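A.B. asks: Dropping a structure here in structure tokens format, bear with me for questions.
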Amino acid sequence: MNRALLSAAEKVELAREAGKRTHHFHGGLRLRHNKKISCQDPVIQPPLPASLTVPLLQHIGDVAEPFVSAGDAVLKGQAIGQCQPCATIHSPVSGTVEAIENRPMGHPSGQAGPCVIIRPDGREQWTGLTSIENWQDANPETLINQLQNCGLVGLGGAVFPTHTKARDGRNRNIHTLILNGSECEPYISCDEMLMREQPEKIVLGARILRRTLGAERVIIAIEDQMGAVQKALTRAADLADCKSISVVKVTTIYPEGGERQLIQVLTGLEVPAGGRPSDLGLVCQNVATAAAVADAVVEGKPLIERYVTVTGNGIAHPRNFKALLGTPFSHLVALSGGYTDDVARLVVGGPMMGYPLASDDEPVVKASNCLLALTAKDIEAPQPEMPCIRCGECARVCPATLLPQELHLQVRNGLWEQAQEYGLSACIECGCCDFVCPSHIPLVDWFRYGKGQQRERALEKTATEQARMRFENREARLLKSKQERAAKMAARKQLLQGKAAQQDRIKASIARAENKTAKPGNDNPGTGEQGKLPDDT
Amino acid sequence: MSKGDLKQILVDGSWRQNTGLVVLLGLCPLLAVTNTVINGLALGLATMLTLMVSNLSVSLMRGFLRPEIRIPAFVLIIASVVTVIELLMQAFFYDLYRVLGIFIPLIVTNCAIIGRAEAFASRNKVLPAIVDGFATGLGFCITLVLLGALREIIGHGTLLSGAQMLLGDWGQHLVITIVPGHPDFLLAMLPPGAFFALALLIAARNAWETRKENTQNQPVTVLNTGHDPA
Amino acid sequence: MTRNFRTSGAPHMPPQNTIAKVMLQVLLALVPGVLAYSWFFGPGILIQIILATLFALLFEAIILRWRGRPLKPFINDYSAVVTAVLFALCIPPLAPWWISCIAMLFAIVFAKHLYGGLGQNVFNPAMVGYVVVLISFPQAMTSWLPPLALAQQSPELMSVGLLASLKIIFSGTVPFAGGWDAITQATPLDTLKTGIEAGRMVPEIRNTPLFGDYGGMGWEWVANWFALGGIYLLYKRTISWQVPVAMIATTVLLSLPFWLADPDSNPFPLQHVFSGAIVLGAFFIATDPVSGCVSNRGRLIFGVGVAVITLVIRRWGGYPDGVAFAVLLMNMAAPLIDRYTRPRMYGE
Amino acid sequence: MGEHLLILVSTVLANNFVLVRFLGLCPFMGVSNKLEGAIGMAIATAFVLTLSSVSSYLLHQYLLLPLKLEYLSTLSFILVIAVTVQLTEMFMRKSSPVLYRVLGIFLPLITSNCAVLGVALLNVQEQHNLLQSALYGFGAAAGFGIVLIMFAAMRERLAIADVPMPFKGAPIGLITAGMMALAFMGFKGLANL
Amino acid sequence: MMKKGLSVIRSSLLLGIIALMGTALLAGVNALTHERIIEQEKMRVLQQLNEIVPVDSFNNDLLADRIEIQDEAFFRHPAPVTVYRARMDGKAVAIMMMLTAADGYNGDIRLLAGIDVHGTVLGVRVIAHKETPGLGDPIELERSDWILSFTEKSLNNPQLDGWNVKRDGGQFDQFTGATITPRAVVRATRRALQYFDANTQALFDTASIKAE
Amino acid sequence: MLISILVLTALGLVFGLGLGWAAIRFRVDSDPLIERIDALLPQTQCGQCGFPGCRPYAEAISSDQADINQCPPGGEAGVKALADLLGREPKPLNPENGEETAKTVVVIDEQRCIGCTLCIQACPVDAIVGAAKLMHTVIESECTGCDLCLPPCPVDCIDIIPVRTSIPGWRSPRPAKVVLTQ
Ligand SMILES: Cc1cc2nc3c(=O)[nH]c(=O)nc-3n(C[C@H](O)[C@H](O)[C@H](O)COP(=O)(O)O)c2cc1C
Ligand SMILES: Cc1cc2nc3c(=O)[nH]c(=O)nc-3n(C[C@H](O)[C@H](O)[C@H](O)COP(=O)(O)O)c2cc1C
Ligand SMILES: Cc1cc2nc3c(=O)[nH]c(=O)nc-3n(C[C@H](O)[C@H](O)[C@H](O)COP(=O)(O)O)c2cc1C
Ligand SMILES: Cc1cc2nc3c(=O)[nH]c(=O)nc-3n(C[C@H](O)[C@H](O)[C@H](O)CO)c2cc1C
Ligand code: SF4
Ligand code: SF4
Ligand code: SF4
Ligand code: SF4
Ligand code: FES
């Protein structure tokens, strides 16, 4: 059966069988896992740092407007910033707002942005929390509002506001919620630790989300190397007496944690290009998001802390933390025994998709799942960048079945239309192509650049279109008013010269008649023909 | 029309806007008949003659031609001139006529000629038109000869072989052997060699022109590994 | 404690594969075939490989210098060596030294660097070099040696040792009485072609000692060893299966009906495969990533195209073998094929 | 049948008009920067070439030969061609202005595409009959079109390649054409016409 | 309407006038050169013939005194063989046969073979061929003297089996790497001699002169 | 000889007639090209091209009244796009029309604005709002940066500022050139 040829409805039907058996996706890489090193010790909650930097942009969307100003006292969990319809930002501690200023804020750009700097008072005094104890009976809309008020965003990396996704899901007949626990990038182990330590919370979150979305069932997808996790999750599901949750193991292959790839593995179907999982009746959320949902709904706790892995060959004692948002990474590094001597690069996220940090002063944000310290040896390339030899390795591993070698040339040379046609926007920036390229071309950098340019061009195009319309409207308006004025003037004139005009008309008709007789050779001077003449010339 | 203008036309036609090397028109004869210098020279002269006569006539007629018959009219004029030349060659240079073959009547379609008629002669007075025809023809002829020389030397190691076809029997003694005992390098004689030779000629001209332009501008030796446009 | 770090885009694990490794893999895969070649046909081929490599590197260095490009990374990538070796495998083992020189000039300078160098050439450099010398010096390029075994058997032929080979290659003259005619012979494909054109039957032609079990004597074994190397490359995923499979399958399938219809004037399909450059071409030449197609469908078309053109040239054309021309012709078509065979993207 | 096939094979492959016979090179070099334009040119040329091949054959056979006016063949052929082209041009300008813009100055210059006159003259030289003339014209145009389109696709790749300065543009185009001619040498002997 | 009609007529008139002037010019030049062109064409053929048969050995009009024979079975080629006869004061001196060998490497080879009345080869020339340049083209006189090796030979010098290339046990050299081309030329020449031998009478028969 | 002259003259006449007829029959009336050219222009409506707005310039290009290199806001990229569409060679911007500059917008200094409405009348895209005698504001997202509102302002209260970029508006930079030295 060719799954690509099915109709949309058939695909949704088929997607209901998600998880029954696993499928393959194109390409991908088997990478060394390197997760063990950070899973040896239990997760600890670090002591409070001297000050916390809470960026006002920790999600996809606009920068939040702060509610507080320098000098204000804040309580733990108090909302300190919001923008409609983004996720709310909360204070992770109780203390004083020292300043609101631009600081490096853990954004991939490395740019500074508005942050609230809070000095903790050490009392850890919570603000008043509103929880929804009886969530089983609550209206989904109430739940969604609760998620929004608690500042929930996807913790799998995209930090997309959860309430938006949930609200959209309610309108789209979601039948299956997929919890993404297949943390596929090397080194990162925060989701695994979470699933080991708090399976009940994840199951609870899954049930709440299921209700919120109106889905029938939940699939928790984990990697086949996480044996203990499966047991823990299944036990938790059994304890909750929840039949609709199943735990599915998928083979470890990067980037299977990518939503589209995971869906392909679970259903054998592809999310339509330019579409979303909800087109198949699916919603995918990270397991940590689910745990945070449980906290938010049952305890009313906003999203102020998350699991963070601090690992890599550049860290003396890699481990996981349950860190408050806003904690500087340097604080966590110090608690992990500090750096080794040959540390050379800091990365937030995994080695494949993470972004580099210029300084370890930057704070933990909602998106920070891992701080990876790499040594010079780790990042040393055996060869400089060379021209592409079109070997096709990149295309073989590309999970989006693109032709990275062609895309690269198109982006590099600004052939935007062609790049569009070759699916630049379908690139998930997974880095597989980059990793195998024998020419060491920074393909993903090029694709990120290209996608940025394309977005820019699209914006420009709408702006241009808008300007054109406004210009044309204005022209039309001016023309109309001019004509109206002229008509008015003419009417006045006519009124004045009524008589004279009449005489003129008589004169004119006499002249026409004379004209006719003066041209004997022309026996058919159709009036239409004459009328058209001025146009013709 | 001052002397300076005419000189300008001469330089433009024969070097700056050289049909073969810059404008890339008239490529077919340029590649097809240049396996020896003499062939090139002969066709070059014939083309030059055609250009001058056609420019002259087009310039004379420039007042009357309406757009829809402009091209047919030019073509008619050129074709007449070329046929005359063809008949004369057939009568007086029969061997050459046979060697150049179909490319003599095809002078008619040498895009350069109609191009000059259209772009220059139909807009200018008679004298500049003739000078332009001469200059363009000269440029074309020089290119033909250069290309012929390049191919003949590389291919055969000789120059001016077959001169008797153009000059009569005494031409036989003009043949110069540049590389004695040259093992024929057939590539130069075959179609691919023609393309390569012209490419090299144009590249040489480009290199010459750019060097002239920026003698003080030192070329940078650090360059990208690949695909970035300059 | 604040520390500052160097930044650079993801991924943060540099690829371990390099161009040099890829090219060395190809060279390694060629070793069995080359050894078999010199076993069956004498040491001339080894001299040709060394010569061609030296010339290739020389021209590569000169042109890199002229273009103002760094020498080291581009000399060390071994791509010029692959070009040289593949070219050397196509020419008669005793071709004079300047053949390599001229061919490498065209391969490295014209076909490769004028197009921008490594990775940007449209045509297969080795084949460009080969075709240039083939059409320019047909005599030198058609003076093939018979297999050593045959030369030792037949009274009118001489076998050529290492010293004699050196002498012939560098002086261009034959130290034996009887000249070239005493040491050279037409290749099996040529014999077949001229034989068929002269109206002889294929079985009858194949009865001459020049032929082996299914290909030419000696040639079939060389082809086998090249195939082995090719399979190694397939296993290593240095080449993808589409080109070799398409090419060999098409050769068989297309020649089969001809053979079935008239076995007397058409060779057996396997004979097509194992004579001439089909095997070498299928695994090493048509697979050149740079001048080939990028998509899998495109590669299939490429392989089919090479095989079809080769057979057409063999059957109706003026050359006994057409692999080199076929590869160049498909190189020409590759950008066009690429334009129309973009693979289906995820979700499309 | 066989003979007609031979004409096609010969004009398209063995004696390709552009690469082997050197006819029609100006549009070959001029309209090959964009694949789109090349395809348009190929189609336009196929149309004009077949049409003018036939009409000039008719002219020659039924007017010039009976009247013993062979020496007027060049003149009258070119006239026929110019008119065919002019009509095509006007038609195209009306029906597809964009294509018309893309082909730019080259459409009127099909007149001076020597392939067109070349076909007419060669038809006479080789004493083709009507069908043969039509096939010859069509084959020539097909050969022209095929190499033009492939050339254009290659040139799109060349446009973004790191070609050495003096070779940028026309020279590398010519080198490529030379390589194509080299490849076409392989068809030598394919059709011994 | 009027204007449009006028412009049509005007264009056609103009084109007509230009055509008229062009044609007038051409007709004039043609009239002047016509004779000479025909002369030139004749000269060319004569030149080829004279290379083999000395001009002073005959005094008839070679171009007029010719016959065409068609014998596909014998010559192995469908093309007619043109035979020019040289006579001195009406007495047979030699013939020249323009024949075609089909078995070249790349198709037909056109040859001119001169045979004197005693059956001795006066000379052979290759008129046209498509053999591989560099391999098969030493049959041209411009490339090598090989073609001269036929001069003075006849059917019994050498004996019949000597009329072969060396590789086939005959007397004539082949070229290194190319046997097919010389083989074809040798065979064609031998056939010409054999045909002459068998049909000497008929070949010189004046009755078959074609009316020009 | 006479025949030949007659024949060819007749041919010329016939063809001339045919062409003349065709010239009328196939005359081009409208030009959809204008739309396509206009679509490539930046719609800044600044008039630097020498035409009162982008569309008039598009019309001028299509009728060969103007060259393709006269629009500074479109920049080199714009010229190239036009050249591609029209099958011409790209050329550098005509310096007479101005230089390609970074994109800007304007703001009205609300303190100094006297509410004269002169700028509103000048703005080709209605990007300024305000009423007579009241303070005016530029809608930043709709301003094309054409600067046409500057000259009429009697109190010089309009300032040009670069387009503000925010962090969400951040775009990945072009990867650095890899430089390999000899
Ligand atoms: C290449 C790639 C790899 C990803 N890997 C993971 C992963 O390992 N775990 C995960 O939860 N999300 C991963 N994601 C994010 C998922 O695609 C998806 O956005 C997420 O699971 C949705 O859940 P959230 O909204 O709760 O974050 C990855 C995304 C991409 C593009
Ligand atoms: C209602 C809605 C639901 C979405 N659901 C998902 C989702 O499930 N997974 C995801 O990765 N992105 C989701 N997105 C995000 C969009 O697909 C898209 O990635 C986002 O708008 C950013 O677009 P940009 O990066 O092109 O600006 C959703 C967006 C909307 C508006
Ligand atoms: C491309 C090519 C062209 C050839 N051209 C000719 C030719 O024109 N004439 C010829 O006799 N042999 C030609 N040959 C050689 C014949 O195929 C054949 O090898 C030769 O005639 C046999 O002679 P030998 O026994 O001396 O080797 C050519 C071979 C090749 C590969
Ligand atoms: C699988 C493979 C096959 C290759 N085949 C060729 C070949 O046929 N000819 C050649 O010149 N280079 C070949 N190369 C080397 C390299 O791709 C070539 O030098 C580039 O074309 C130079 O830009 C090959 C390389 C690989 C990896
Ligand atoms: S892996 Fe690298 S070298 Fe190979 S095709 Fe892709 S981009 Fe080119
Ligand atoms: S980064 Fe983009 S192009 Fe590269 S493998 Fe991943 S999806 Fe494919
Ligand atoms: S110069 Fe200004 S008005 Fe003219 S086209 Fe460009 S943006 Fe539009
Ligand atoms: S506000 Fe000023 S600069 Fe902006 S579009 Fe209007 S007139 Fe132009
Ligand atoms: S000269 Fe042949 S097309 Fe221009």
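In the structure tokens, chains take letters A, B, ... by order of appearance, with residues numbered from 1 within each chain and ligands from 1 in the order shown.
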Going by DSSP on the backbone, which bits of segment 2-102 of chain E are helix (DSSP H, G or I)? Write them as a PyMOL selection string, please.

C.D. replies: chain E and resi 2-52+55-57+72-75

A.B. asks: What lies within 12 Å of Glu197 of chain A using only C-alpha atoms, ignoring chain neighbours under 6 positions off, as a list in words?

C.D. replies: Cys39, Asp41, Pro42, Val43, Ile44, Cys190, Asp191, Ala228, Val229, Gln230, Lys231, Ala232, Leu233, Ala236, Ala288, Ala291, Tyr307, Asn320 and Lys322 of chain A

A.B. asks: Using only C-alpha atoms and all ligand atoms, find each protein or nucleic acid residue lying at most 6 Å from ligand 1; present the set as a VMD selection string.

C.D. replies: chain A and resid 154 to 160 180 to 185 255 257 to 259 284 to 286 289 428 430

A.B. asks: At most 10 Å is the cut-off: for each residue in chain D with any atom that close to an atom of chain C, write down the nearest atom pair and the distance in Å rounded to one decimal, counting only C-alpha atoms, chain first then increasing number, as CSV.

C.D. replies:
```
residue,atom,partner,partner_atom,distance
D:Ala14,CA,C:Gly317,CA,9.0
D:Leu35,CA,C:Leu336,CA,8.9
D:Ile146,CA,C:Ala333,CA,9.5
D:Val147,CA,C:Met332,CA,8.7
D:Ile149,CA,C:Leu336,CA,7.9
D:Met150,CA,C:Ala333,CA,5.7
D:Phe151,CA,C:Met332,CA,7.4
D:Ala152,CA,C:Leu336,CA,8.5
D:Ala153,CA,C:Leu336,CA,5.3
D:Met154,CA,C:Pro335,CA,5.7
D:Arg155,CA,C:Pro335,CA,9.0
D:Glu156,CA,C:Pro335,CA,8.5
D:Arg157,CA,C:Pro335,CA,7.4
D:Leu158,CA,C:Tyr115,CA,7.2
D:Ile160,CA,C:Gln120,CA,9.3
D:Ala161,CA,C:Gly116,CA,5.8
D:Asp162,CA,C:Gly116,CA,4.3
D:Val163,CA,C:Gly116,CA,4.3
D:Pro164,CA,C:Leu114,CA,6.2
D:Met165,CA,C:Arg67,CA,8.9
D:Pro166,CA,C:Leu114,CA,9.6
D:Phe167,CA,C:Leu114,CA,7.0
D:Lys168,CA,C:Leu114,CA,9.0
D:Pro171,CA,C:Leu114,CA,9.5
D:Ile172,CA,C:Leu114,CA,7.1
D:Gly173,CA,C:Tyr115,CA,9.9
D:Ile175,CA,C:Phe110,CA,7.8
D:Thr176,CA,C:Val122,CA,8.3
D:Ala177,CA,C:Met332,CA,9.8
D:Met179,CA,C:Val128,CA,7.5
D:Met180,CA,C:Met332,CA,7.0
D:Ala181,CA,C:Leu329,CA,9.6
D:Leu182,CA,C:Val131,CA,7.2
D:Ala183,CA,C:Phe325,CA,5.2
D:Phe184,CA,C:Leu329,CA,7.3
D:Met185,CA,C:Phe325,CA,7.7
D:Gly186,CA,C:Phe325,CA,5.3
D:Phe187,CA,C:Gly317,CA,5.9
D:Lys188,CA,C:Gly318,CA,5.6
D:Gly189,CA,C:Gly318,CA,4.3
D:Leu190,CA,C:Gly317,CA,4.1
D:Ala191,CA,C:Gly317,CA,7.6
D:Asn192,CA,C:Gly317,CA,9.3
```

A.B. asks: Residues within 10 Å of ligand 5, counting only C-alpha atoms and all ligand atoms: report them as a VMD selection string.

C.D. replies: (chain A and resid 385 to 398 403 to 409 432 to 443) or (chain C and resid 15 17 to 19 119 289 to 290 294)

A.B. asks: Select, from D:Tyr136, D:Phe17, D:Phe91, D:Phe22, the residue with the minimum atom-to-atom distance to chain F, counting only C-alpha atoms.

C.D. replies: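 Between D:Tyr136, D:Phe17, D:Phe91, D:Phe22, the residue approaching chain F most closely is D:Phe91.
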
A.B. asks: Go through the chains and note each residue within 10 Å of ligand 2, using only C-alpha atoms and all ligand atoms, then give the set as an NGL selection string.

C.D. replies: (:A and (60-61 or 154 or 156-172 or 258-260 or 274-279 or 282-285 or 425 or 428 or 451-452 or 454-455)) or (:F and (168-169))

A.B. asks: Between A:Thr22, A:Gln261, A:Ser481, A:Asn413, which is the closest to ligand 6 once you count only C-alpha atoms and all ligand atoms?

C.D. replies: A:Gln261

A.B. asks: Residues up to 12 Å from ligand 7, counting only C-alpha atoms and all ligand atoms: could you list those as number ranges by chain?

C.D. replies: A: 464, 467-468, 471; F: 37-61, 66-76, 78-79, 82, 93-100, 103, 124-125, 144-148

A.B. asks: Could the residues in this selection be saved with C-alpha atoms as a short mmCIF file (atom, residue, chain, number, x, y, z; two decimals), in the first residue's frame?

C.D. replies:
```
data_model
loop_
_atom_site.label_atom_id
_atom_site.label_comp_id
_atom_site.auth_asym_id
_atom_site.auth_seq_id
_atom_site.Cartn_x
_atom_site.Cartn_y
_atom_site.Cartn_z
CA THR A 464 5.17 45.39 -0.91
CA ALA A 467 2.07 49.27 -0.20
CA ARG A 468 0.89 48.67 -3.72
CA PHE A 471 -0.93 53.35 -3.27
CA ILE F 37 7.33 44.20 -14.09
CA ASP F 38 5.32 46.04 -11.48
CA ALA F 39 5.34 42.93 -9.33
CA LEU F 40 9.12 43.09 -9.23
CA LEU F 41 9.31 46.71 -8.14
CA PRO F 42 9.58 47.45 -4.43
CA GLN F 43 6.47 49.63 -4.31
CA THR F 44 8.26 52.21 -2.27
CA GLN F 45 6.59 54.74 -4.57
CA CYS F 46 9.46 57.11 -3.98
CA GLY F 47 9.77 58.42 -7.51
CA GLN F 48 13.55 58.17 -7.60
CA CYS F 49 13.21 56.36 -10.88
CA GLY F 50 11.92 59.56 -12.38
CA PHE F 51 8.33 58.37 -12.60
CA PRO F 52 5.51 59.15 -10.22
CA GLY F 53 5.43 55.76 -8.54
CA CYS F 54 6.32 52.19 -9.33
CA ARG F 55 3.59 51.38 -11.77
CA PRO F 56 4.32 54.28 -14.10
CA TYR F 57 7.92 53.14 -14.11
CA ALA F 58 6.77 49.62 -14.95
CA GLU F 59 4.80 51.00 -17.85
CA ALA F 60 7.82 52.94 -19.01
CA ILE F 61 10.06 49.87 -18.90
CA ALA F 66 13.09 53.62 -19.37
CA ASP F 67 16.00 51.40 -18.58
CA ILE F 68 15.83 48.68 -15.97
CA ASN F 69 18.43 50.18 -13.65
CA GLN F 70 16.63 53.23 -12.33
CA CYS F 71 15.11 52.01 -9.09
CA PRO F 72 17.45 52.47 -6.13
CA PRO F 73 15.15 50.91 -3.51
CA GLY F 74 15.00 47.76 -5.63
CA GLY F 75 18.78 47.71 -5.72
CA GLU F 76 20.98 45.36 -7.68
CA GLY F 78 15.81 44.29 -8.37
CA VAL F 79 17.74 45.07 -11.53
CA LEU F 82 14.02 42.68 -14.13
CA LEU F 93 22.20 50.91 -10.89
CA ASN F 94 22.15 54.24 -12.63
CA PRO F 95 23.84 56.59 -10.12
CA GLU F 96 21.71 59.45 -11.42
CA ASN F 97 18.71 57.89 -9.77
CA GLY F 98 20.38 57.50 -6.42
CA GLU F 99 22.10 54.81 -4.46
CA GLU F 100 20.88 51.66 -2.85
CA LYS F 103 15.87 50.28 4.43
CA PRO F 124 1.78 57.92 -1.40
CA VAL F 125 0.70 54.98 0.71
CA THR F 144 7.84 52.47 2.82
CA GLY F 145 10.61 54.90 3.62
CA CYS F 146 10.09 56.93 0.48
CA ASP F 147 10.86 60.19 2.34
CA LEU F 148 8.33 62.11 0.27
#
```

A.B. asks: For ligand 9, return the neighbouring residues as a list in words (distance at most 7 Å; only C-alpha atoms and all ligand atoms).

C.D. replies: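 What falls inside 7 Å of ligand 9 is Leu25, Gly26, Leu27, Cys28, Pro29, Thr109, Asn110 and Cys111 of chain B; Leu23, Gly24, Leu25, Cys26, Pro27, Ser112, Asn113, Cys114 and Ala115 of chain D.
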
A.B. asks: Based on only C-alpha atoms, which of the residues in chain B come within 7 Å of chain D? I want them as a PyMOL selection string.

C.D. replies: chain B and resi 24-28+31-32+72+75-76+79-80+83+105-106+109-111+191-193+195-196+199-200+202-203+206-207+226-227+229

A.B. asks: Could you write those residues out with N, CA and C atoms, as a short mmCIF file (atom, residue, chain, number, x, y, z; two decimals), in the first residue's frame?

C.D. replies:
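Saved to result.cif:
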```
data_model
loop_
_atom_site.label_atom_id
_atom_site.label_comp_id
_atom_site.auth_asym_id
_atom_site.auth_seq_id
_atom_site.Cartn_x
_atom_site.Cartn_y
_atom_site.Cartn_z
N LEU B 24 29.99 37.77 -30.03
CA LEU B 24 29.70 36.36 -30.27
C LEU B 24 28.65 36.16 -31.34
N LEU B 25 28.83 36.84 -32.44
CA LEU B 25 27.96 36.58 -33.57
C LEU B 25 28.83 36.07 -34.72
N GLY B 26 28.19 35.44 -35.66
CA GLY B 26 28.96 34.90 -36.78
C GLY B 26 29.85 33.75 -36.37
N LEU B 27 29.39 33.01 -35.37
CA LEU B 27 30.24 31.96 -34.83
C LEU B 27 30.41 30.79 -35.78
N CYS B 28 29.40 30.54 -36.59
CA CYS B 28 29.47 29.30 -37.38
C CYS B 28 30.65 29.31 -38.32
N LEU B 31 34.01 29.07 -36.57
CA LEU B 31 34.49 27.77 -36.10
C LEU B 31 34.65 26.79 -37.25
N ALA B 32 33.81 26.93 -38.25
CA ALA B 32 33.77 25.87 -39.26
C ALA B 32 34.93 25.93 -40.23
N PRO B 72 13.42 41.43 -43.78
CA PRO B 72 13.44 40.82 -45.10
C PRO B 72 14.22 41.66 -46.11
N VAL B 75 17.91 41.32 -45.53
CA VAL B 75 18.34 39.98 -45.90
C VAL B 75 18.45 39.86 -47.41
N LEU B 76 17.51 40.48 -48.11
CA LEU B 76 17.55 40.44 -49.57
C LEU B 76 18.81 41.10 -50.08
N ALA B 79 21.78 38.98 -49.26
CA ALA B 79 21.81 37.76 -50.06
C ALA B 79 22.27 38.04 -51.47
N SER B 80 21.84 39.15 -52.03
CA SER B 80 22.29 39.48 -53.38
C SER B 80 23.80 39.64 -53.40
N THR B 83 25.56 36.31 -53.03
CA THR B 83 25.49 35.45 -54.21
C THR B 83 26.46 35.93 -55.27
N PRO B 105 27.64 30.73 -49.19
CA PRO B 105 26.27 31.26 -49.16
C PRO B 105 25.81 31.58 -47.74
N LEU B 106 26.37 30.89 -46.77
CA LEU B 106 25.91 31.14 -45.40
C LEU B 106 26.43 32.45 -44.83
N THR B 109 23.73 34.57 -43.63
CA THR B 109 23.11 34.47 -42.31
C THR B 109 24.11 34.76 -41.21
N ASN B 110 25.28 35.21 -41.55
CA ASN B 110 26.19 35.63 -40.50
C ASN B 110 25.48 36.73 -39.72
N CYS B 111 25.14 36.41 -38.50
CA CYS B 111 24.31 37.33 -37.73
C CYS B 111 24.97 38.70 -37.62
N PRO B 191 35.89 19.36 -34.66
CA PRO B 191 34.98 20.33 -34.05
C PRO B 191 35.33 20.73 -32.62
N PRO B 192 35.61 19.76 -31.72
CA PRO B 192 35.87 20.21 -30.34
C PRO B 192 37.03 21.21 -30.26
N GLY B 193 38.05 20.94 -31.07
CA GLY B 193 39.21 21.82 -31.05
C GLY B 193 38.84 23.24 -31.44
N PHE B 195 36.01 24.78 -30.89
CA PHE B 195 35.40 25.43 -29.74
C PHE B 195 36.46 25.81 -28.70
N PHE B 196 37.34 24.85 -28.42
CA PHE B 196 38.37 25.13 -27.42
C PHE B 196 39.21 26.33 -27.83
N ALA B 199 37.45 29.54 -27.37
CA ALA B 199 37.33 29.84 -25.94
C ALA B 199 38.64 30.41 -25.42
N LEU B 200 39.74 29.80 -25.82
CA LEU B 200 41.03 30.28 -25.34
C LEU B 200 41.29 31.70 -25.85
N ILE B 202 39.08 34.00 -26.63
CA ILE B 202 38.25 34.97 -25.91
C ILE B 202 38.78 35.16 -24.48
N ALA B 203 39.17 34.05 -23.86
CA ALA B 203 39.70 34.17 -22.49
C ALA B 203 40.95 35.02 -22.49
N ASN B 206 39.87 38.53 -22.69
CA ASN B 206 39.33 38.96 -21.39
C ASN B 206 40.46 39.26 -20.42
N ALA B 207 41.42 38.34 -20.35
CA ALA B 207 42.52 38.52 -19.41
C ALA B 207 43.27 39.82 -19.74
N GLY B 226 35.02 27.54 -2.87
CA GLY B 226 34.14 27.02 -3.90
C GLY B 226 33.19 28.01 -4.47
N HIS B 227 31.97 27.88 -4.08
CA HIS B 227 30.90 28.29 -4.96
C HIS B 227 30.52 29.75 -4.87
N PRO B 229 29.80 33.32 -5.51
CA PRO B 229 30.00 34.17 -6.67
C PRO B 229 30.98 35.28 -6.30
#
```

A.B. asks: Provide the atom CA of Asn156 of chain E to atom CA of Gly170 of chain E distance in Å, to one decimal place.

C.D. replies: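 About the pair atom CA of Asn156 of chain E and atom CA of Gly170 of chain E: they are 13.1 Å apart.
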